[in-house]
file data.cif (mmCIF, C-alpha atoms)
data_structure
loop_
_atom_site.group_PDB
_atom_site.id
_atom_site.type_symbol
_atom_site.label_atom_id
_atom_site.label_comp_id
_atom_site.auth_asym_id
_atom_site.auth_seq_id
_atom_site.Cartn_x
_atom_site.Cartn_y
_atom_site.Cartn_z
ATOM 1 C CA MET A 1 132.380 149.854 -54.756
ATOM 2 C CA LYS A 2 129.463 151.783 -56.201
ATOM 3 C CA ARG A 3 127.018 150.983 -58.973
ATOM 4 C CA VAL A 4 124.360 153.071 -60.735
ATOM 5 C CA ILE A 5 121.027 151.559 -61.755
ATOM 6 C CA THR A 6 119.803 153.612 -64.691
ATOM 7 C CA ASP A 7 116.604 153.989 -66.670
ATOM 8 C CA ASP A 8 118.268 153.327 -69.996
ATOM 9 C CA ALA A 9 121.516 153.677 -71.884
ATOM 10 C CA THR A 10 121.571 157.435 -71.354
ATOM 11 C CA GLY A 11 122.623 156.987 -67.732
ATOM 12 C CA ALA A 12 119.732 158.969 -66.285
ATOM 13 C CA VAL A 13 118.733 157.924 -62.800
ATOM 14 C CA PRO A 14 115.016 157.191 -62.328
ATOM 15 C CA GLY A 15 113.141 160.328 -61.326
ATOM 16 C CA GLY A 16 115.976 162.620 -62.417
ATOM 17 C CA LEU A 17 117.853 162.320 -59.100
ATOM 18 C CA ALA A 18 121.540 162.992 -58.691
ATOM 19 C CA ARG A 19 123.485 159.909 -59.751
ATOM 20 C CA PRO A 20 124.620 157.988 -56.678
ATOM 21 C CA ASP A 21 128.117 157.396 -58.060
ATOM 22 C CA GLY A 22 128.700 161.129 -58.343
ATOM 23 C CA GLY A 23 128.323 161.282 -62.129
ATOM 24 C CA PRO A 24 126.479 164.098 -63.924
ATOM 25 C CA ALA A 25 123.067 164.885 -62.471
ATOM 26 C CA GLN A 26 121.684 164.813 -66.006
ATOM 27 C CA PRO A 27 122.904 162.839 -69.041
ATOM 28 C CA ASP A 28 123.976 166.095 -70.715
ATOM 29 C CA GLY A 29 125.797 167.368 -67.630
ATOM 30 C CA GLY A 30 122.970 169.724 -66.727
ATOM 31 C CA PRO A 31 122.677 171.761 -63.536
ATOM 32 C CA ALA A 32 123.343 170.174 -60.171
ATOM 33 C CA GLN A 33 120.397 169.002 -58.127
ATOM 34 C CA PRO A 34 119.510 170.812 -54.874
ATOM 35 C CA LEU A 35 120.712 168.961 -51.788
ATOM 36 C CA ASP A 36 117.204 167.991 -50.722
ATOM 37 C CA ALA A 37 116.439 166.577 -54.179
ATOM 38 C CA ALA A 38 119.630 164.535 -54.171
ATOM 39 C CA TYR A 39 118.680 163.109 -50.813
ATOM 40 C CA GLN A 40 115.440 161.709 -52.140
ATOM 41 C CA GLN A 41 117.513 158.640 -52.982
ATOM 42 C CA LEU A 42 117.753 157.988 -49.232
ATOM 43 C CA ALA A 43 113.966 157.814 -49.028
ATOM 44 C CA ARG A 44 114.141 154.461 -50.841
ATOM 45 C CA LEU A 45 116.141 153.037 -47.948
ATOM 46 C CA PRO A 46 114.955 152.352 -44.371
ATOM 47 C CA GLN A 47 113.051 155.319 -42.990
ATOM 48 C CA PRO A 48 115.668 156.298 -40.369
ATOM 49 C CA LEU A 49 118.008 157.413 -43.166
ATOM 50 C CA ASP A 50 115.563 159.944 -44.545
ATOM 51 C CA ALA A 51 114.901 161.182 -41.027
ATOM 52 C CA ALA A 52 118.651 161.400 -40.461
ATOM 53 C CA TYR A 53 119.037 163.787 -43.392
ATOM 54 C CA GLN A 54 116.226 165.978 -42.132
ATOM 55 C CA GLN A 55 117.897 166.014 -38.726
ATOM 56 C CA LEU A 56 121.157 167.165 -40.305
ATOM 57 C CA ALA A 57 119.489 169.946 -42.266
ATOM 58 C CA ARG A 58 117.975 171.325 -39.055
ATOM 59 C CA LEU A 59 121.163 171.287 -36.985
ATOM 60 C CA PRO A 60 121.747 174.797 -35.612
ATOM 61 C CA GLN A 61 125.477 174.339 -35.049
ATOM 62 C CA PRO A 62 127.829 175.993 -37.519
ATOM 63 C CA LEU A 63 129.395 173.502 -39.905
ATOM 64 C CA ALA A 64 132.816 174.389 -38.521
ATOM 65 C CA GLU A 65 131.724 173.110 -35.103
ATOM 66 C CA LEU A 66 130.421 169.719 -36.279
ATOM 67 C CA ASP A 67 132.477 166.559 -35.834
ATOM 68 C CA PHE A 68 132.182 163.716 -38.313
ATOM 69 C CA VAL A 69 132.767 160.007 -38.756
ATOM 70 C CA ILE A 70 133.408 159.295 -42.420
ATOM 71 C CA VAL A 71 132.735 155.698 -43.422
ATOM 72 C CA ASP A 72 133.260 153.549 -46.504
ATOM 73 C CA VAL A 73 132.318 149.901 -47.036
ATOM 74 C CA GLU A 74 133.361 147.292 -49.572
ATOM 75 C CA THR A 75 130.882 144.542 -50.397
ATOM 76 C CA THR A 76 130.353 141.339 -52.356
ATOM 77 C CA GLY A 77 127.740 142.964 -54.591
ATOM 78 C CA TRP A 78 125.528 145.917 -55.196
ATOM 79 C CA LEU A 79 122.329 145.536 -53.183
ATOM 80 C CA PRO A 80 122.116 145.147 -49.377
ATOM 81 C CA GLU A 81 119.443 142.464 -49.648
ATOM 82 C CA GLU A 82 121.669 140.331 -51.895
ATOM 83 C CA ALA A 83 125.276 141.062 -50.853
ATOM 84 C CA MET A 84 127.429 141.266 -47.754
ATOM 85 C CA ILE A 85 130.052 143.677 -46.391
ATOM 86 C CA THR A 86 133.692 142.604 -46.788
ATOM 87 C CA GLU A 87 135.424 145.656 -45.298
ATOM 88 C CA ILE A 88 134.605 148.724 -43.202
ATOM 89 C CA GLY A 89 136.840 151.764 -42.968
ATOM 90 C CA ALA A 90 136.076 154.917 -41.012
ATOM 91 C CA VAL A 91 137.801 158.006 -39.661
ATOM 92 C CA ARG A 92 136.807 160.489 -36.957
ATOM 93 C CA VAL A 93 137.253 164.119 -37.973
ATOM 94 C CA ILE A 94 137.258 166.500 -35.010
ATOM 95 C CA GLY A 95 138.044 170.159 -35.477
ATOM 96 C CA GLY A 96 138.795 169.535 -39.145
ATOM 97 C CA ARG A 97 141.475 166.908 -38.429
ATOM 98 C CA VAL A 98 141.485 163.125 -38.513
ATOM 99 C CA GLN A 99 141.764 162.063 -34.874
ATOM 100 C CA ALA A 100 141.091 158.309 -35.047
ATOM 101 C CA GLN A 101 140.780 155.506 -37.594
ATOM 102 C CA PHE A 102 138.730 152.313 -37.759
ATOM 103 C CA GLY A 103 139.429 149.599 -40.291
ATOM 104 C CA THR A 104 138.706 145.890 -40.558
ATOM 105 C CA LEU A 105 138.059 143.187 -43.087
ATOM 106 C CA VAL A 106 134.777 141.323 -42.590
ATOM 107 C CA ASN A 107 134.083 137.672 -43.331
ATOM 108 C CA PRO A 108 130.988 137.779 -45.576
ATOM 109 C CA GLY A 109 130.210 134.096 -45.061
ATOM 110 C CA SER A 110 130.221 133.449 -48.800
ATOM 111 C CA ALA A 111 132.586 133.563 -51.756
ATOM 112 C CA ILE A 112 133.542 136.951 -53.197
ATOM 113 C CA PRO A 113 132.718 137.155 -56.925
ATOM 114 C CA ALA A 114 135.737 137.318 -59.216
ATOM 115 C CA ASP A 115 134.774 140.709 -60.670
ATOM 116 C CA VAL A 116 134.529 142.174 -57.177
ATOM 117 C CA THR A 117 137.950 140.823 -56.249
ATOM 118 C CA ALA A 118 139.329 142.327 -59.451
ATOM 119 C CA LEU A 119 137.877 145.707 -58.468
ATOM 120 C CA THR A 120 138.805 145.799 -54.772
ATOM 121 C CA GLY A 121 141.693 143.378 -54.469
ATOM 122 C CA ILE A 122 139.907 141.700 -51.543
ATOM 123 C CA THR A 123 140.121 137.904 -51.843
ATOM 124 C CA ASP A 124 138.434 134.992 -50.107
ATOM 125 C CA ALA A 125 141.758 134.196 -48.437
ATOM 126 C CA MET A 126 141.987 137.724 -47.005
ATOM 127 C CA VAL A 127 138.562 137.572 -45.356
ATOM 128 C CA GLY A 128 138.748 133.894 -44.364
ATOM 129 C CA GLN A 129 140.059 134.660 -40.867
ATOM 130 C CA ALA A 130 138.294 138.031 -40.507
ATOM 131 C CA PRO A 131 135.494 138.497 -37.941
ATOM 132 C CA PRO A 132 131.854 138.263 -39.066
ATOM 133 C CA ILE A 133 129.753 141.376 -39.397
ATOM 134 C CA SER A 134 127.966 140.553 -36.118
ATOM 135 C CA ALA A 135 131.276 141.032 -34.282
ATOM 136 C CA VAL A 136 132.346 144.120 -36.234
ATOM 137 C CA LEU A 137 129.143 146.192 -36.151
ATOM 138 C CA PRO A 138 129.061 146.889 -32.392
ATOM 139 C CA ARG A 139 132.658 148.170 -32.590
ATOM 140 C CA PHE A 140 131.862 150.404 -35.546
ATOM 141 C CA LEU A 141 128.688 151.783 -33.972
ATOM 142 C CA ALA A 142 130.615 152.637 -30.805
ATOM 143 C CA PHE A 143 133.271 154.365 -32.923
ATOM 144 C CA ALA A 144 130.648 156.438 -34.761
ATOM 145 C CA ARG A 145 128.327 157.241 -31.850
ATOM 146 C CA GLY A 146 127.710 160.954 -31.337
ATOM 147 C CA TYR A 147 129.090 162.115 -34.689
ATOM 148 C CA VAL A 148 127.617 163.190 -38.024
ATOM 149 C CA LEU A 149 127.887 160.029 -40.134
ATOM 150 C CA THR A 150 129.275 160.878 -43.547
ATOM 151 C CA ALA A 151 129.860 158.881 -46.724
ATOM 152 C CA HIS A 152 130.427 159.458 -50.421
ATOM 153 C CA ASN A 153 127.139 158.174 -51.821
ATOM 154 C CA ALA A 154 125.629 157.638 -48.410
ATOM 155 C CA ALA A 155 122.717 155.668 -49.838
ATOM 156 C CA PHE A 156 125.130 152.829 -50.660
ATOM 157 C CA ASP A 157 127.325 152.698 -47.550
ATOM 158 C CA ILE A 158 124.670 153.563 -44.980
ATOM 159 C CA GLY A 159 122.220 151.284 -46.757
ATOM 160 C CA PHE A 160 124.544 148.311 -46.311
ATOM 161 C CA LEU A 161 125.358 149.202 -42.710
ATOM 162 C CA SER A 162 121.733 149.687 -41.707
ATOM 163 C CA ALA A 163 120.727 146.450 -43.426
ATOM 164 C CA ALA A 164 123.494 144.631 -41.578
ATOM 165 C CA CYS A 165 122.250 146.077 -38.297
ATOM 166 C CA GLY A 166 118.787 144.767 -39.055
ATOM 167 C CA ALA A 167 120.140 141.303 -39.870
ATOM 168 C CA CYS A 168 122.118 141.278 -36.607
ATOM 169 C CA GLY A 169 119.238 142.532 -34.471
ATOM 170 C CA LEU A 170 120.996 145.824 -33.718
ATOM 171 C CA PRO A 171 119.148 149.172 -33.745
ATOM 172 C CA TRP A 172 120.334 151.699 -36.291
ATOM 173 C CA PRO A 173 121.522 154.831 -34.412
ATOM 174 C CA ALA A 174 119.504 158.021 -34.732
ATOM 175 C CA CYS A 175 122.413 160.072 -36.067
ATOM 176 C CA PRO A 176 122.518 162.761 -38.762
ATOM 177 C CA VAL A 177 123.810 161.608 -42.160
ATOM 178 C CA LEU A 178 125.729 163.709 -44.695
ATOM 179 C CA ASP A 179 126.419 162.662 -48.291
ATOM 180 C CA THR A 180 129.503 164.291 -49.819
ATOM 181 C CA VAL A 181 128.155 163.639 -53.334
ATOM 182 C CA ALA A 182 125.113 165.779 -52.583
ATOM 183 C CA LEU A 183 127.198 168.394 -50.785
ATOM 184 C CA ALA A 184 129.596 168.625 -53.735
ATOM 185 C CA ARG A 185 126.673 169.223 -56.092
ATOM 186 C CA LEU A 186 125.589 172.046 -53.827
ATOM 187 C CA VAL A 187 129.015 173.653 -53.561
ATOM 188 C CA LEU A 188 130.895 173.119 -56.826
ATOM 189 C CA GLY A 189 130.060 174.625 -60.176
ATOM 190 C CA ALA A 190 129.676 172.560 -63.346
ATOM 191 C CA THR A 191 132.760 174.236 -64.828
ATOM 192 C CA GLU A 192 134.970 173.209 -61.897
ATOM 193 C CA VAL A 193 134.638 169.423 -62.000
ATOM 194 C CA PRO A 194 133.305 167.131 -64.751
ATOM 195 C CA ASP A 195 131.531 164.911 -62.205
ATOM 196 C CA CYS A 196 131.326 164.284 -58.473
ATOM 197 C CA LYS A 197 133.024 160.904 -58.330
ATOM 198 C CA LEU A 198 135.264 160.468 -55.310
ATOM 199 C CA ARG A 199 138.499 160.302 -57.310
ATOM 200 C CA THR A 200 137.541 163.419 -59.260
ATOM 201 C CA LEU A 201 136.873 165.396 -56.084
ATOM 202 C CA ALA A 202 139.922 164.035 -54.252
ATOM 203 C CA THR A 203 142.108 165.123 -57.168
ATOM 204 C CA PHE A 204 140.365 168.519 -57.352
ATOM 205 C CA PHE A 205 141.052 169.220 -53.677
ATOM 206 C CA GLY A 206 144.606 167.846 -53.790
ATOM 207 C CA ALA A 207 143.901 165.031 -51.328
ATOM 208 C CA ALA A 208 146.941 163.231 -49.978
ATOM 209 C CA THR A 209 145.030 159.916 -50.183
ATOM 210 C CA LEU A 210 143.341 158.897 -53.412
ATOM 211 C CA PRO A 211 140.502 156.346 -53.449
ATOM 212 C CA CYS A 212 141.377 152.785 -54.486
ATOM 213 C CA HIS A 213 138.246 150.727 -53.712
ATOM 214 C CA ARG A 214 139.537 149.846 -50.248
ATOM 215 C CA ALA A 215 137.515 151.045 -47.305
ATOM 216 C CA LEU A 216 139.990 152.962 -45.135
ATOM 217 C CA PRO A 217 141.825 154.789 -47.961
ATOM 218 C CA ASP A 218 138.466 155.727 -49.480
ATOM 219 C CA ALA A 219 137.240 157.023 -46.108
ATOM 220 C CA LEU A 220 140.423 159.085 -45.746
ATOM 221 C CA ALA A 221 139.961 160.500 -49.249
ATOM 222 C CA THR A 222 136.330 161.353 -48.452
ATOM 223 C CA ALA A 223 137.444 163.119 -45.265
ATOM 224 C CA GLU A 224 139.733 165.371 -47.300
ATOM 225 C CA VAL A 225 136.981 166.046 -49.821
ATOM 226 C CA LEU A 226 134.601 166.952 -46.995
ATOM 227 C CA GLN A 227 137.064 169.455 -45.560
ATOM 228 C CA GLY A 228 137.532 171.003 -48.991
ATOM 229 C CA LEU A 229 133.784 171.381 -49.411
ATOM 230 C CA LEU A 230 133.367 172.871 -45.936
ATOM 231 C CA ARG A 231 136.122 175.390 -46.660
ATOM 232 C CA ARG A 232 134.272 176.468 -49.794
ATOM 233 C CA LEU A 233 131.075 176.966 -47.820
ATOM 234 C CA ALA A 234 132.950 178.984 -45.200
ATOM 235 C CA VAL A 235 134.426 181.265 -47.857
ATOM 236 C CA ALA A 236 130.901 181.803 -49.215
ATOM 237 C CA GLY A 237 129.753 182.821 -45.734
ATOM 238 C CA VAL A 238 127.533 179.758 -45.256
ATOM 239 C CA ARG A 239 127.576 178.694 -41.593
ATOM 240 C CA THR A 240 124.882 175.980 -41.563
ATOM 241 C CA LEU A 241 123.232 173.749 -44.152
ATOM 242 C CA ALA A 242 119.912 175.392 -43.308
ATOM 243 C CA GLU A 243 121.354 178.727 -44.481
ATOM 244 C CA GLN A 244 122.142 177.095 -47.835
ATOM 245 C CA GLY A 245 118.540 176.010 -48.212
ATOM 246 C CA ALA A 246 119.102 172.340 -47.538
ATOM 247 C CA GLY A 247 116.091 171.882 -45.330
#

call {"tool": "encode", "arguments": {"input": "data.cif", "output": "structure tokens"}}
result
Amino acid sequence: MKRVITDDATGAVPGGLARPDGGPAQPDGGPAQPLDAAYQQLARLPQPLDAAYQQLARLPQPLAELDFVIVDVETTGWLPEEAMITEIGAVRVIGGRVQAQFGTLVNPGSAIPADVTALTGITDAMVGQAPPISAVLPRFLAFARGYVLTAHNAAFDIGFLSAACGACGLPWPACPVLDTVALARLVLGATEVPDCKLRTLATFFGAATLPCHRALPDALATAEVLQGLLRRLAVAGVRTLAEQGAG
């Protein structure tokens, strides 16, 4: 579940940043933002996220040698300070292939709004017997440890996860973070896709799993999108994000 907070009815994001839902960078579908500009949205979240992007941009390893954990969360609302996580889905991608999966419902400790249930299909009954976030987070962090943490609109998913860590008294790991929205803006031309929404990109790359506002399927779809984007960079001869000018 993703939401865009806009300046006005035009849909422009404050400061002209790339839209976090993957929509056009400008209201008129103007040129894509550079990766570092798109990542300014992470600067509005806890400081470790901005540092995590800088860490990623400086990694010397070729992209083909990086291993990833792709994560997606579903929530009761839009802002980490007001809403809770209801589901976490994640996949490990090693050597370009999904090697392990992590998926669990989470009891948010409060009722799920009707419009959110309509969007995700997650009901109060489904999460009633699920573990609380305090029990789920240590398992997820162990699953993700040592990998490049990746999400489609990382500011949303990582923002909720880092906020949950803070609420549970858990340190947020010092891991690199990659946003596939920002990477898609870097790689794909405006004539190739109308926007960088997850469903648009999953369809463009012929993903076997299409997003459906459930955490694990959306993480699987993002993993396929990531591999498509990395293949495009490889064809262009780009070995590291630093070579593409992401730093």

call {"tool": "resolve_selection", "arguments": {"input": "data.cif", "expression": "the PyMOL selection byres ((chain A and resi 129) around 12)", "output": "ChimeraX atom specification"}}
result
/A:86,104-109,123-128,130-132

call {"tool": "residues_around", "arguments": {"input": "data.cif", "residues": "range 61-74 of chain A", "least_positions_apart": "2", "cutoff": "6 Å", "atoms": "all atoms listed in the file", "output": "PyMOL selection string"}}
result
chain A and resi 1+59+85-94+144+147-151+157+215+219+239-240

call {"tool": "write_last_selection", "arguments": {"input": "data.cif", "atoms": "C-alpha atoms", "output": "PDB file, in the coordinates of the input"}}
result
ATOM      1  CA  MET A   1     132.380 149.854 -54.756  1.00  0.00           C
ATOM      2  CA  LEU A  59     121.163 171.287 -36.985  1.00  0.00           C
ATOM      3  CA  ILE A  85     130.052 143.677 -46.391  1.00  0.00           C
ATOM      4  CA  THR A  86     133.692 142.604 -46.788  1.00  0.00           C
ATOM      5  CA  GLU A  87     135.424 145.656 -45.298  1.00  0.00           C
ATOM      6  CA  ILE A  88     134.605 148.724 -43.202  1.00  0.00           C
ATOM      7  CA  GLY A  89     136.840 151.764 -42.968  1.00  0.00           C
ATOM      8  CA  ALA A  90     136.076 154.917 -41.012  1.00  0.00           C
ATOM      9  CA  VAL A  91     137.801 158.006 -39.661  1.00  0.00           C
ATOM     10  CA  ARG A  92     136.807 160.489 -36.957  1.00  0.00           C
ATOM     11  CA  VAL A  93     137.253 164.119 -37.973  1.00  0.00           C
ATOM     12  CA  ILE A  94     137.258 166.500 -35.010  1.00  0.00           C
ATOM     13  CA  ALA A 144     130.648 156.438 -34.761  1.00  0.00           C
ATOM     14  CA  TYR A 147     129.090 162.115 -34.689  1.00  0.00           C
ATOM     15  CA  VAL A 148     127.617 163.190 -38.024  1.00  0.00           C
ATOM     16  CA  LEU A 149     127.887 160.029 -40.134  1.00  0.00           C
ATOM     17  CA  THR A 150     129.275 160.878 -43.547  1.00  0.00           C
ATOM     18  CA  ALA A 151     129.860 158.881 -46.724  1.00  0.00           C
ATOM     19  CA  ASP A 157     127.325 152.698 -47.550  1.00  0.00           C
ATOM     20  CA  ALA A 215     137.515 151.045 -47.305  1.00  0.00           C
ATOM     21  CA  ALA A 219     137.240 157.023 -46.108  1.00  0.00           C
ATOM     22  CA  ARG A 239     127.576 178.694 -41.593  1.00  0.00           C
ATOM     23  CA  THR A 240     124.882 175.980 -41.563  1.00  0.00           C
TER      24      THR A 240
END

call {"tool": "residues_around", "arguments": {"input": "data.cif", "residues": "Val235 in chain A", "least_positions_apart": "5", "cutoff": "12 Å", "atoms": "only C-alpha atoms", "output": "PyMOL selection string"}}
result
chain A and resi 64+187+228-230

call {"tool": "closest_residue", "arguments": {"input": "data.cif", "among": "A:Cys196, A:Ala208, A:Cys175, A:Ala182", "to": "Ala154 in chain A", "atoms": "only C-alpha atoms"}}
result
A:Ala182

call {"tool": "atom_distance", "arguments": {"input": "data.cif", "atom1": "CA of Gln55 in chain A", "atom2": "CA of Asp195 in chain A"}}
result
27.2 Å

call {"tool": "closest_residue", "arguments": {"input": "data.cif", "among": "A:Gly237, A:Phe140, A:Ala114, A:Glu192", "to": "Gln101 in chain A", "atoms": "all atoms listed in the file"}}
result
A:Phe140

call {"tool": "atom_distance", "arguments": {"input": "data.cif", "atom1": "CA of Phe156 in chain A", "atom2": "CA of Gly96 in chain A"}}
result
24.5 Å

call {"tool": "resolve_selection", "arguments": {"input": "data.cif", "expression": "the PyMOL selection byres ((chain A and resi 161) around 9)", "output": "list in words"}}
result
Val73, Pro80, Ile85, Leu137, Phe156, Asp157, Ile158, Gly159, Phe160, Ser162, Ala163, Ala164, Cys165, Gly166 and Trp172 of chain A

call {"tool": "atom_distance", "arguments": {"input": "data.cif", "atom1": "CA of Ala118 in chain A", "atom2": "CA of Leu201 in chain A"}}
result
23.4 Å

call {"tool": "closest_residue", "arguments": {"input": "data.cif", "among": "A:Arg214, A:Arg232, A:Ala155, A:Val225", "to": "Leu198 in chain A", "atoms": "all atoms listed in the file"}}
result
A:Val225

call {"tool": "closest_residue", "arguments": {"input": "data.cif", "among": "A:Thr75, A:Leu178, A:Pro138, A:His152", "to": "Leu56 in chain A", "atoms": "only C-alpha atoms"}}
result
A:Leu178

call {"tool": "residues_around", "arguments": {"input": "data.cif", "residues": "Arg145 in chain A", "least_positions_apart": "3", "cutoff": "8 Å", "atoms": "all atoms listed in the file", "output": "PyMOL selection string"}}
result
chain A and resi 141-142+173+175

call {"tool": "build_atoms", "arguments": {"input": "data.cif", "residues": "range 178-201 of chain A", "atoms": "N, CA and C atoms", "output": "PDB file, in the frame of the given file"}}
result
ATOM      1  N   LEU A 178     125.328 162.760 -43.650  1.00  0.00           N
ATOM      2  CA  LEU A 178     125.729 163.709 -44.695  1.00  0.00           C
ATOM      3  C   LEU A 178     126.317 162.929 -45.859  1.00  0.00           C
ATOM      4  N   ASP A 179     125.906 163.287 -47.073  1.00  0.00           N
ATOM      5  CA  ASP A 179     126.419 162.662 -48.291  1.00  0.00           C
ATOM      6  C   ASP A 179     127.314 163.673 -49.006  1.00  0.00           C
ATOM      7  N   THR A 180     128.595 163.339 -49.178  1.00  0.00           N
ATOM      8  CA  THR A 180     129.503 164.291 -49.819  1.00  0.00           C
ATOM      9  C   THR A 180     129.229 164.438 -51.309  1.00  0.00           C
ATOM     10  N   VAL A 181     128.575 163.452 -51.943  1.00  0.00           N
ATOM     11  CA  VAL A 181     128.155 163.639 -53.334  1.00  0.00           C
ATOM     12  C   VAL A 181     127.161 164.789 -53.416  1.00  0.00           C
ATOM     13  N   ALA A 182     126.136 164.734 -52.562  1.00  0.00           N
ATOM     14  CA  ALA A 182     125.113 165.779 -52.583  1.00  0.00           C
ATOM     15  C   ALA A 182     125.702 167.126 -52.194  1.00  0.00           C
ATOM     16  N   LEU A 183     126.596 167.137 -51.205  1.00  0.00           N
ATOM     17  CA  LEU A 183     127.198 168.394 -50.785  1.00  0.00           C
ATOM     18  C   LEU A 183     128.056 168.986 -51.904  1.00  0.00           C
ATOM     19  N   ALA A 184     128.780 168.129 -52.627  1.00  0.00           N
ATOM     20  CA  ALA A 184     129.596 168.625 -53.735  1.00  0.00           C
ATOM     21  C   ALA A 184     128.729 169.243 -54.819  1.00  0.00           C
ATOM     22  N   ARG A 185     127.570 168.640 -55.089  1.00  0.00           N
ATOM     23  CA  ARG A 185     126.673 169.223 -56.092  1.00  0.00           C
ATOM     24  C   ARG A 185     126.168 170.596 -55.653  1.00  0.00           C
ATOM     25  N   LEU A 186     126.045 170.777 -54.360  1.00  0.00           N
ATOM     26  CA  LEU A 186     125.589 172.046 -53.827  1.00  0.00           C
ATOM     27  C   LEU A 186     126.667 173.117 -53.925  1.00  0.00           C
ATOM     28  N   VAL A 187     127.925 172.698 -53.746  1.00  0.00           N
ATOM     29  CA  VAL A 187     129.015 173.653 -53.561  1.00  0.00           C
ATOM     30  C   VAL A 187     129.763 173.964 -54.849  1.00  0.00           C
ATOM     31  N   LEU A 188     130.006 172.953 -55.679  1.00  0.00           N
ATOM     32  CA  LEU A 188     130.895 173.119 -56.826  1.00  0.00           C
ATOM     33  C   LEU A 188     130.116 173.419 -58.093  1.00  0.00           C
ATOM     34  N   GLY A 189     130.672 174.283 -58.904  1.00  0.00           N
ATOM     35  CA  GLY A 189     130.060 174.625 -60.176  1.00  0.00           C
ATOM     36  C   GLY A 189     130.371 173.600 -61.244  1.00  0.00           C
ATOM     37  N   ALA A 190     129.515 173.541 -62.281  1.00  0.00           N
ATOM     38  CA  ALA A 190     129.676 172.560 -63.346  1.00  0.00           C
ATOM     39  C   ALA A 190     130.970 172.758 -64.123  1.00  0.00           C
ATOM     40  N   THR A 191     131.516 173.981 -64.107  1.00  0.00           N
ATOM     41  CA  THR A 191     132.760 174.236 -64.828  1.00  0.00           C
ATOM     42  C   THR A 191     133.992 173.848 -64.024  1.00  0.00           C
ATOM     43  N   GLU A 192     133.819 173.522 -62.747  1.00  0.00           N
ATOM     44  CA  GLU A 192     134.970 173.209 -61.897  1.00  0.00           C
ATOM     45  C   GLU A 192     135.357 171.742 -61.955  1.00  0.00           C
ATOM     46  N   VAL A 193     134.368 170.863 -61.953  1.00  0.00           N
ATOM     47  CA  VAL A 193     134.638 169.423 -62.000  1.00  0.00           C
ATOM     48  C   VAL A 193     133.692 168.784 -63.012  1.00  0.00           C
ATOM     49  N   PRO A 194     134.172 167.771 -63.756  1.00  0.00           N
ATOM     50  CA  PRO A 194     133.305 167.131 -64.751  1.00  0.00           C
ATOM     51  C   PRO A 194     132.244 166.239 -64.138  1.00  0.00           C
ATOM     52  N   ASP A 195     132.488 165.757 -62.905  1.00  0.00           N
ATOM     53  CA  ASP A 195     131.531 164.911 -62.205  1.00  0.00           C
ATOM     54  C   ASP A 195     131.868 164.971 -60.723  1.00  0.00           C
ATOM     55  N   CYS A 196     131.094 164.283 -59.919  1.00  0.00           N
ATOM     56  CA  CYS A 196     131.326 164.284 -58.473  1.00  0.00           C
ATOM     57  C   CYS A 196     131.748 162.914 -57.965  1.00  0.00           C
ATOM     58  N   LYS A 197     132.449 162.160 -58.788  1.00  0.00           N
ATOM     59  CA  LYS A 197     133.024 160.904 -58.330  1.00  0.00           C
ATOM     60  C   LYS A 197     134.098 161.198 -57.288  1.00  0.00           C
ATOM     61  N   LEU A 198     134.329 160.241 -56.410  1.00  0.00           N
ATOM     62  CA  LEU A 198     135.264 160.468 -55.310  1.00  0.00           C
ATOM     63  C   LEU A 198     136.671 160.770 -55.817  1.00  0.00           C
ATOM     64  N   ARG A 199     137.152 160.043 -56.795  1.00  0.00           N
ATOM     65  CA  ARG A 199     138.499 160.302 -57.310  1.00  0.00           C
ATOM     66  C   ARG A 199     138.584 161.688 -57.934  1.00  0.00           C
ATOM     67  N   THR A 200     137.548 162.084 -58.654  1.00  0.00           N
ATOM     68  CA  THR A 200     137.541 163.419 -59.260  1.00  0.00           C
ATOM     69  C   THR A 200     137.664 164.493 -58.191  1.00  0.00           C
ATOM     70  N   LEU A 201     136.869 164.378 -57.131  1.00  0.00           N
ATOM     71  CA  LEU A 201     136.873 165.396 -56.084  1.00  0.00           C
ATOM     72  C   LEU A 201     138.162 165.341 -55.271  1.00  0.00           C
TER      73      LEU A 201
END
